Amino acid sequence: MPSYTVTVATGSQWFAGTDDYIYITLMGTDHCSERTLLDKALYNDFERGAVDSYDVTVGENLGEIVLVKIEKNKYWVQDDWYCRYITVKTPAGDYVEFPCFRWLVDDKEVVLRDGRARLPQDDKTRMTKQHRHKELDHRRKNYRWKEWQPGIPMSIDANKHKDLPRDIQFDSEKGVDFILNYSKAIENLCVNQFMHMFQSSWSDFADFERIFVRIKNTISEYVMQHWKEDFMFGYQFLNGCNPVVIQKCTKLPDKFPVTHEMVAVCLERELTLEQEIEAGNIYIADYKVLDDVSPNCTDPCTLQYLAAPICLLYRNIEKKILPLAIQLGQTPGEDNPIFLPSDGKYDWLLAKIWVRSSDFHVHQTDTHLLRTHLISEVFGIAMYRQLPAVHPAYKLLIPHIRFTIAINTKAREQLICECGIFDKANGTGGGGHVQLLQKGVKALTFRSLCFPDAIKARGVDSKEELPTYFYRDDGYQVWEATKSFVSDVVGIYYASDETVKEDEEIQAFVKDVCSFGLQDFDFCEFPKSVKTREELSEYLTVVIFTASSQHAAVNFGQYDWCSWIPNSPSTMRKPPPTQKGLADVKLIIESLPDRGRSCWHLGAVWALSQYQENELYLGMYPDEHFIEKPVKEAMETFRKKLAEISSTIKKRNDGKKLPYYYMSPDRIPNSVAV
């Protein structure tokens with residue numbers, strides 16, 4: 001009688017093993033095997049990290065093995081099981097691989113296709129077509145859209161992390177508990193004696209060092225030493241946490257009436273301000289998105305304030321970016337003066353602090369939360385709803401969606417919810433962050449997520465003009481390497497543009513993102529279809545780059561740039577100044593966060609800057625969803641390119657007081673998971 005050897009791999013993460021009964025059914029083109037219990041006498045089957053083999057004897061040859069059905073039944077108590085893969089050795093000696101990488105919970109079954117990726121039009125048999133449709137029907141019931149707040153991208157329909165499908169939960173929820181992690185961070189930083197001291201101001205700038213003694217690094221110390229200097233203020237627009245705001249100024253806006261006479265003393269080329277603009281030497285950072293956003297009023301004992309500043313920046317003869325003029329509101333007038341480097345030092349310093357605080361809010365809510373976390377969740381939900389596991393785009397994207405929906409759900413549960421951690425220390429807490437998201441969405445276009453397009457749209461693409469814009473330079477390299485890899489994979493499965501048009505599943509995925517994930521907003525400029533291999537490659541590159549490289553660039557530098565509180569205040573306790581000549585150290589200290597809010601802020605930026613245990617970095621694909629040799633070769637080429645980029649960045653950073661490594665591939669996690 002024919003015998004098939006079945007090899008089963010159990011996951012190595014915590015609680016992956018099971019004591020439940022595991023059954024298997026082999027489904028071939030000719031026949032199906034009996035439902036067979038996988039069990040060895042006097043042996044502990046399916047232990048964590050184990051690879052076990054079993055013989056399945058059948059009455060007659062099954063033909064080509066198309067599907068494998070796994071069932072789990074309770075032994076004593078329900079015991080979830082994580083199956084990595086199953087390999088079937090046929091009587092003829094052939095091996096067929098069935099990737100799984102899924103949890104089996106309760107008395108449930110999973111039906112697996114073999115590991116070869118297939119487009120929907122490639123499936124010709126009734127069995128494979130039905131399997132494809134059943135899988136998506138099941139997913140759509142489990143991965144449902146839900147509106148968390150009106151006017152922002154949709155999220156998963158789950159109120160708590162434990163309500164999520166098991167396959168997308170964290171292995172250990174404790175490891176991503178924000179309250180626990182922030183408390184640990186505050187304890188590790190030795191600042192817990194200050195964390196409840198709300199309304200208690202620091203005595204002076206040096207006093208902030210009392211919460212800055214435990215964990216230091218090259219960049220954070222350098223920031224502490226130089227934060228008052230104009231060059232440090234300007235440098236952060238290029239390579240700080242939020243390097244996406246600066247743009248070329250081609251014409252001064254009417255709302256920002258800076259004159260040549262105001263800034264002439266700061267210009268170095270014997271040109272007028274208008275001529276400097278024409279020569280491409282003037283840049284601008286406009287925080288108009290903060291205008292009319294409500295400040296945090298959750299603590300009646302502490303008034304908090306926001307501003308919507310405009311900052312004019314100058315590229316001097318050394319090609320450094322320096323601040324030229326700052327207006328703290330969007331409407332010019334006597335009570336909204338334009339602050340200048342030639343003003344009193346405390347007037348100028350306070351104006352810069354207000355810009356840095358505004359930049360912090362835009363970074364946290366728009367650049368970071370909206371444009372990496374929330375949009376990646378939209379891509380992830382649409383992927384689960386529209387692409388079956390056998391689809392090549394699913395296999396390509398799944399490593400870059402890992403834990404994203406889980407971390408966002410946890411954030412909505414603890415961090416950005418009503419009375420969440422965000423309310424404790426942030427000036428946009430208490431609902432302002434939601435208003436900021438709603439305004440930010442109006443500028444969230446597909447093209448703004450395409451890295452080269454976004455750089456060019458801001459007029460900052462010239463390496464000659466801005467030679468130290470490392471975010472741009474490294475981002476270009478990683479984008480091109482990623483797109484090249486994606487294009488290789490697309491080329492393997494799509495023979496022509498016509499093949500792309502005929503793929504109803506990829507078209508449904510793209511449409512789901514726009515029509516449901518982004519609710520077909522009037523201002524939504526996301527495509528509803530892709531017509532060519534080039535368009536598909538670019539779309540998938542956006543998904544991967546946003547979740548990996550862009551998130552790394554705007555997330556992992558938070559402790560570096562925001563741990564010195566005066567450089568990046570999470571809230572301001574005095575209103576923006578309406579006239580010059582009043583600022584002094586006392587006013588600035590009273591404006592900056594108090595001791596309690598400073599500690600919560602410090603704990604937050606430290607926790608958010610930490611990499612996950614067993615982090616998977618860009619190009620690392622230990623779960624082999626793809627089994628085809630051409631794709632594995634494309635992956636190896638991708639890894640080599642990434643290694644070269646990492647080496648180039650390392651050489652450039654050697655000896656620099658301000659190294660830039662956030663876009664180094666060996667520091668870019670595959671997905672948004674923190």
# chains A, B, ... in the order shown; residues from 1 in each chain; ligands from 1
>>> select_by_dssp(residues="segment 198-320 of chain A", states="alpha helix (DSSP H)", output="PyMOL selection string")
chain A and resi 218-226+230-239+260-263+273-278
>>> residues_around(residues="Gly475 of chain A", least_positions_apart="4", cutoff="12 Å", atoms="only C-alpha atoms", output="short mmCIF file (atom, residue, chain, number, x, y, z; two decimals) with N, CA and C atoms, in the first residue's frame")
data_model
loop_
_atom_site.label_atom_id
_atom_site.label_comp_id
_atom_site.auth_asym_id
_atom_site.auth_seq_id
_atom_site.Cartn_x
_atom_site.Cartn_y
_atom_site.Cartn_z
N ASN A 239 17.85 65.86 9.00
CA ASN A 239 18.21 64.52 9.46
C ASN A 239 17.70 64.18 10.86
N PRO A 243 12.21 64.58 9.05
CA PRO A 243 12.93 65.21 7.94
C PRO A 243 12.08 65.40 6.69
N VAL A 244 10.77 65.54 6.86
CA VAL A 244 9.86 65.58 5.72
C VAL A 244 9.08 66.89 5.61
N CYS A 450 5.32 57.82 -2.31
CA CYS A 450 6.39 57.39 -3.23
C CYS A 450 7.61 58.24 -2.93
N PHE A 451 8.64 57.66 -2.36
CA PHE A 451 9.75 58.43 -1.81
C PHE A 451 10.36 59.42 -2.81
N PRO A 452 10.74 59.02 -4.02
CA PRO A 452 11.34 60.00 -4.95
C PRO A 452 10.40 61.15 -5.28
N ASP A 453 9.11 60.84 -5.43
CA ASP A 453 8.13 61.88 -5.75
C ASP A 453 7.99 62.87 -4.61
N ALA A 454 7.97 62.35 -3.37
CA ALA A 454 7.82 63.22 -2.20
C ALA A 454 9.01 64.15 -2.06
N ILE A 455 10.20 63.63 -2.29
CA ILE A 455 11.41 64.46 -2.21
C ILE A 455 11.38 65.55 -3.27
N ASP A 461 15.55 67.73 -3.87
CA ASP A 461 16.15 66.56 -4.50
C ASP A 461 17.59 66.78 -4.94
N TYR A 469 21.91 66.05 3.33
CA TYR A 469 20.55 65.56 3.54
C TYR A 469 20.58 64.04 3.44
N PHE A 470 21.04 63.40 4.51
CA PHE A 470 21.30 61.96 4.49
C PHE A 470 20.01 61.15 4.44
N TYR A 471 18.94 61.67 5.02
CA TYR A 471 17.65 60.99 4.92
C TYR A 471 17.27 60.80 3.45
N TRP A 479 15.03 52.78 -1.41
CA TRP A 479 13.86 52.73 -2.29
C TRP A 479 14.19 51.99 -3.58
N GLU A 480 15.30 52.35 -4.20
CA GLU A 480 15.66 51.72 -5.47
C GLU A 480 15.94 50.23 -5.30
N ALA A 481 16.61 49.85 -4.22
CA ALA A 481 16.88 48.44 -3.97
C ALA A 481 15.58 47.68 -3.75
N THR A 482 14.67 48.28 -3.00
CA THR A 482 13.38 47.64 -2.72
C THR A 482 12.55 47.51 -3.99
N LYS A 483 12.51 48.58 -4.78
CA LYS A 483 11.72 48.54 -6.01
C LYS A 483 12.29 47.53 -7.01
N PHE A 545 8.10 49.86 1.55
CA PHE A 545 8.97 50.96 1.97
C PHE A 545 8.35 51.73 3.14
N THR A 546 7.04 51.97 3.07
CA THR A 546 6.37 52.71 4.14
C THR A 546 6.47 51.97 5.46
N SER A 548 8.60 49.65 6.36
CA SER A 548 9.96 49.33 6.81
C SER A 548 10.81 50.59 6.90
N SER A 549 11.27 51.07 5.78
CA SER A 549 12.27 52.14 5.75
C SER A 549 11.74 53.47 6.26
N GLN A 550 10.56 53.88 5.80
CA GLN A 550 10.03 55.18 6.22
C GLN A 550 9.72 55.16 7.71
N HIS A 551 9.15 54.08 8.18
CA HIS A 551 8.87 53.99 9.62
C HIS A 551 10.16 54.04 10.42
N ALA A 552 11.17 53.32 9.99
CA ALA A 552 12.45 53.34 10.71
C ALA A 552 13.02 54.75 10.77
N ALA A 553 12.92 55.48 9.65
CA ALA A 553 13.50 56.82 9.58
C ALA A 553 12.85 57.79 10.54
N VAL A 554 11.54 57.62 10.79
CA VAL A 554 10.84 58.59 11.64
C VAL A 554 10.54 58.06 13.04
N LEU A 642 21.31 45.45 -0.12
CA LEU A 642 21.10 46.09 1.19
C LEU A 642 22.37 46.09 2.01
N ILE A 645 24.57 48.85 0.80
CA ILE A 645 24.08 50.15 1.26
C ILE A 645 24.47 50.36 2.72
N SER A 646 24.29 49.34 3.54
CA SER A 646 24.66 49.43 4.96
C SER A 646 26.14 49.74 5.12
N ILE A 649 26.86 53.40 4.19
CA ILE A 649 26.40 54.31 5.24
C ILE A 649 27.34 54.26 6.43
N TYR A 660 24.24 59.47 10.80
CA TYR A 660 22.86 59.22 10.39
C TYR A 660 22.75 57.76 9.97
N TYR A 661 21.98 56.97 10.73
CA TYR A 661 21.91 55.54 10.46
C TYR A 661 20.48 55.00 10.45
N TYR A 662 19.48 55.87 10.52
CA TYR A 662 18.10 55.39 10.61
C TYR A 662 17.63 54.69 9.34
N MET A 663 18.26 55.02 8.21
CA MET A 663 17.90 54.39 6.94
C MET A 663 18.92 53.33 6.54
N SER A 664 19.77 52.93 7.45
CA SER A 664 20.71 51.85 7.15
C SER A 664 19.95 50.53 7.19
N PRO A 665 19.97 49.73 6.12
CA PRO A 665 19.13 48.53 6.07
C PRO A 665 19.31 47.57 7.24
N ILE A 668 16.76 48.65 9.78
CA ILE A 668 15.38 48.87 9.33
C ILE A 668 14.58 47.59 9.55
#
>>> closest_residue(among="A:Leu42, A:Leu536, A:Val486, A:Ile407", to="His161 of chain A", atoms="only C-alpha atoms")
A:Ile407
>>> closest_atom_pairs(of="segment 520-542 of chain A", to="segment 143-157 of chain A", cutoff="12 Å", atoms="only C-alpha atoms", output="JSON lines")
{"residue": "A:Asp520", "atom": "CA", "partner": "A:Pro153", "partner_atom": "CA", "distance": 10.0}
{"residue": "A:Phe521", "atom": "CA", "partner": "A:Gly151", "partner_atom": "CA", "distance": 8.1}
{"residue": "A:Asp522", "atom": "CA", "partner": "A:Gly151", "partner_atom": "CA", "distance": 10.7}
{"residue": "A:Phe523", "atom": "CA", "partner": "A:Gly151", "partner_atom": "CA", "distance": 11.1}
{"residue": "A:Cys524", "atom": "CA", "partner": "A:Pro153", "partner_atom": "CA", "distance": 10.6}
>>> select_by_dssp(residues="segment 237-482 of chain A", states="strand (DSSP E or B)", output="JSON, numbers by chain")
{"A": [247, 248, 282, 283, 284, 285, 286, 305, 310, 311, 312, 313, 314, 315, 321, 322, 323, 324, 325, 326, 327, 333, 336, 338, 339]}
>>> write_last_selection(atoms="N, CA, C and O atoms", output="short mmCIF file (atom, residue, chain, number, x, y, z; two decimals), in the first residue's frame")
data_model
loop_
_atom_site.label_atom_id
_atom_site.label_comp_id
_atom_site.auth_asym_id
_atom_site.auth_seq_id
_atom_site.Cartn_x
_atom_site.Cartn_y
_atom_site.Cartn_z
N GLN A 247 10.82 72.42 2.76
CA GLN A 247 10.63 72.46 1.31
C GLN A 247 11.20 73.75 0.74
O GLN A 247 11.36 74.74 1.45
N LYS A 248 11.52 73.72 -0.52
CA LYS A 248 12.08 74.89 -1.21
C LYS A 248 11.02 75.98 -1.23
O LYS A 248 9.85 75.74 -1.52
N ILE A 282 16.51 79.62 -0.27
CA ILE A 282 15.57 79.81 0.82
C ILE A 282 14.59 78.62 0.90
O ILE A 282 14.05 78.19 -0.12
N TYR A 283 14.39 78.13 2.10
CA TYR A 283 13.47 77.02 2.35
C TYR A 283 12.46 77.44 3.41
O TYR A 283 12.64 78.45 4.09
N ILE A 284 11.41 76.65 3.52
CA ILE A 284 10.35 77.02 4.45
C ILE A 284 9.79 75.76 5.12
O ILE A 284 9.78 74.68 4.53
N ALA A 285 9.39 75.92 6.37
CA ALA A 285 8.67 74.86 7.10
C ALA A 285 7.40 75.48 7.65
O ALA A 285 7.46 76.40 8.46
N ASP A 286 6.28 74.99 7.17
CA ASP A 286 4.98 75.59 7.52
C ASP A 286 4.14 74.55 8.27
O ASP A 286 3.82 73.49 7.73
N TYR A 305 -0.78 74.78 25.54
CA TYR A 305 -0.96 75.63 24.35
C TYR A 305 -0.30 75.00 23.13
O TYR A 305 0.67 74.24 23.23
N ILE A 310 5.40 79.30 11.20
CA ILE A 310 6.03 79.25 9.88
C ILE A 310 7.48 79.64 10.11
O ILE A 310 7.77 80.63 10.79
N CYS A 311 8.38 78.87 9.53
CA CYS A 311 9.81 79.13 9.73
C CYS A 311 10.51 79.25 8.39
O CYS A 311 10.40 78.36 7.54
N LEU A 312 11.20 80.36 8.19
CA LEU A 312 11.99 80.56 6.98
C LEU A 312 13.42 80.11 7.26
O LEU A 312 13.99 80.42 8.31
N LEU A 313 13.99 79.37 6.31
CA LEU A 313 15.32 78.78 6.49
C LEU A 313 16.24 79.20 5.36
O LEU A 313 15.81 79.41 4.22
N TYR A 314 17.52 79.29 5.67
CA TYR A 314 18.50 79.83 4.73
C TYR A 314 19.63 78.83 4.52
O TYR A 314 20.18 78.29 5.49
N ARG A 315 19.93 78.56 3.26
CA ARG A 315 21.11 77.74 2.95
C ARG A 315 22.30 78.69 2.77
O ARG A 315 22.37 79.43 1.79
N ILE A 321 21.83 74.62 6.72
CA ILE A 321 20.48 75.19 6.84
C ILE A 321 20.39 75.92 8.18
O ILE A 321 20.62 75.33 9.24
N LEU A 322 20.06 77.23 8.12
CA LEU A 322 19.95 78.05 9.33
C LEU A 322 18.60 78.76 9.35
O LEU A 322 18.08 79.14 8.29
N PRO A 323 18.02 78.96 10.53
CA PRO A 323 16.74 79.68 10.61
C PRO A 323 16.93 81.16 10.32
O PRO A 323 17.90 81.77 10.77
N LEU A 324 15.99 81.72 9.59
CA LEU A 324 16.08 83.11 9.17
C LEU A 324 14.98 83.98 9.79
O LEU A 324 15.20 85.15 10.10
N ALA A 325 13.81 83.39 9.95
CA ALA A 325 12.67 84.15 10.51
C ALA A 325 11.62 83.15 10.98
O ALA A 325 11.44 82.10 10.37
N ILE A 326 10.92 83.51 12.07
CA ILE A 326 9.89 82.64 12.63
C ILE A 326 8.66 83.47 12.99
O ILE A 326 8.77 84.48 13.68
N GLN A 327 7.51 83.02 12.50
CA GLN A 327 6.23 83.61 12.89
C GLN A 327 5.42 82.48 13.54
O GLN A 327 5.27 81.40 12.96
N GLY A 333 0.21 90.01 11.96
CA GLY A 333 -0.40 91.14 12.67
C GLY A 333 0.51 91.59 13.80
O GLY A 333 1.56 90.99 14.06
N ASN A 336 1.37 89.09 16.36
CA ASN A 336 2.01 87.88 15.82
C ASN A 336 3.32 88.30 15.15
O ASN A 336 3.46 88.23 13.94
N ILE A 338 7.22 88.71 13.81
CA ILE A 338 8.18 87.83 13.14
C ILE A 338 9.49 87.89 13.93
O ILE A 338 10.13 88.95 14.03
N PHE A 339 9.87 86.77 14.52
CA PHE A 339 11.08 86.71 15.32
C PHE A 339 12.29 86.45 14.43
O PHE A 339 12.21 85.69 13.45
#
>>> atom_distance(atom1="atom CA of Lys69 of chain A", atom2="atom CA of Tyr43 of chain A")
22.8 Å
>>> residues_around(residues="segment 83-98 of chain A", least_positions_apart="2", cutoff="9 Å", atoms="only C-alpha atoms", output="VMD selection string")
chain A and resid 2 to 12 16 to 17 26 46 61 64 to 65 67 to 68 81 100 to 104 112 to 116 623 to 625 627
>>> residues_around(residues="Tyr539 of chain A", least_positions_apart="4", cutoff="9 Å", atoms="only C-alpha atoms", output="compact mmCIF listing (two decimals) with C-alpha atoms, in the first residue's frame")
# COMPACT_ATOMS: atom_id res chain seq x y z
CA PHE A 446 -0.41 57.95 -2.90
CA CYS A 450 6.39 57.39 -3.23
CA VAL A 510 -5.89 48.09 -4.54
CA VAL A 530 -3.24 49.05 -11.46
CA GLU A 534 5.38 49.03 -13.47
CA GLU A 535 2.34 50.43 -11.62
CA VAL A 543 3.60 49.25 0.90
CA ILE A 544 6.97 47.71 1.80
>>> residues_around(residues="Asp343 of chain A", least_positions_apart="3", cutoff="12 Å", atoms="only C-alpha atoms", output="VMD selection string")
chain A and resid 262 to 263 265 to 266 324 to 326 337 to 340 346 to 351 579 to 583
>>> closest_residue(among="A:Pro566, A:Gly557, A:Pro388, A:Pro300", to="Trp606 of chain A", atoms="only C-alpha atoms")
A:Gly557
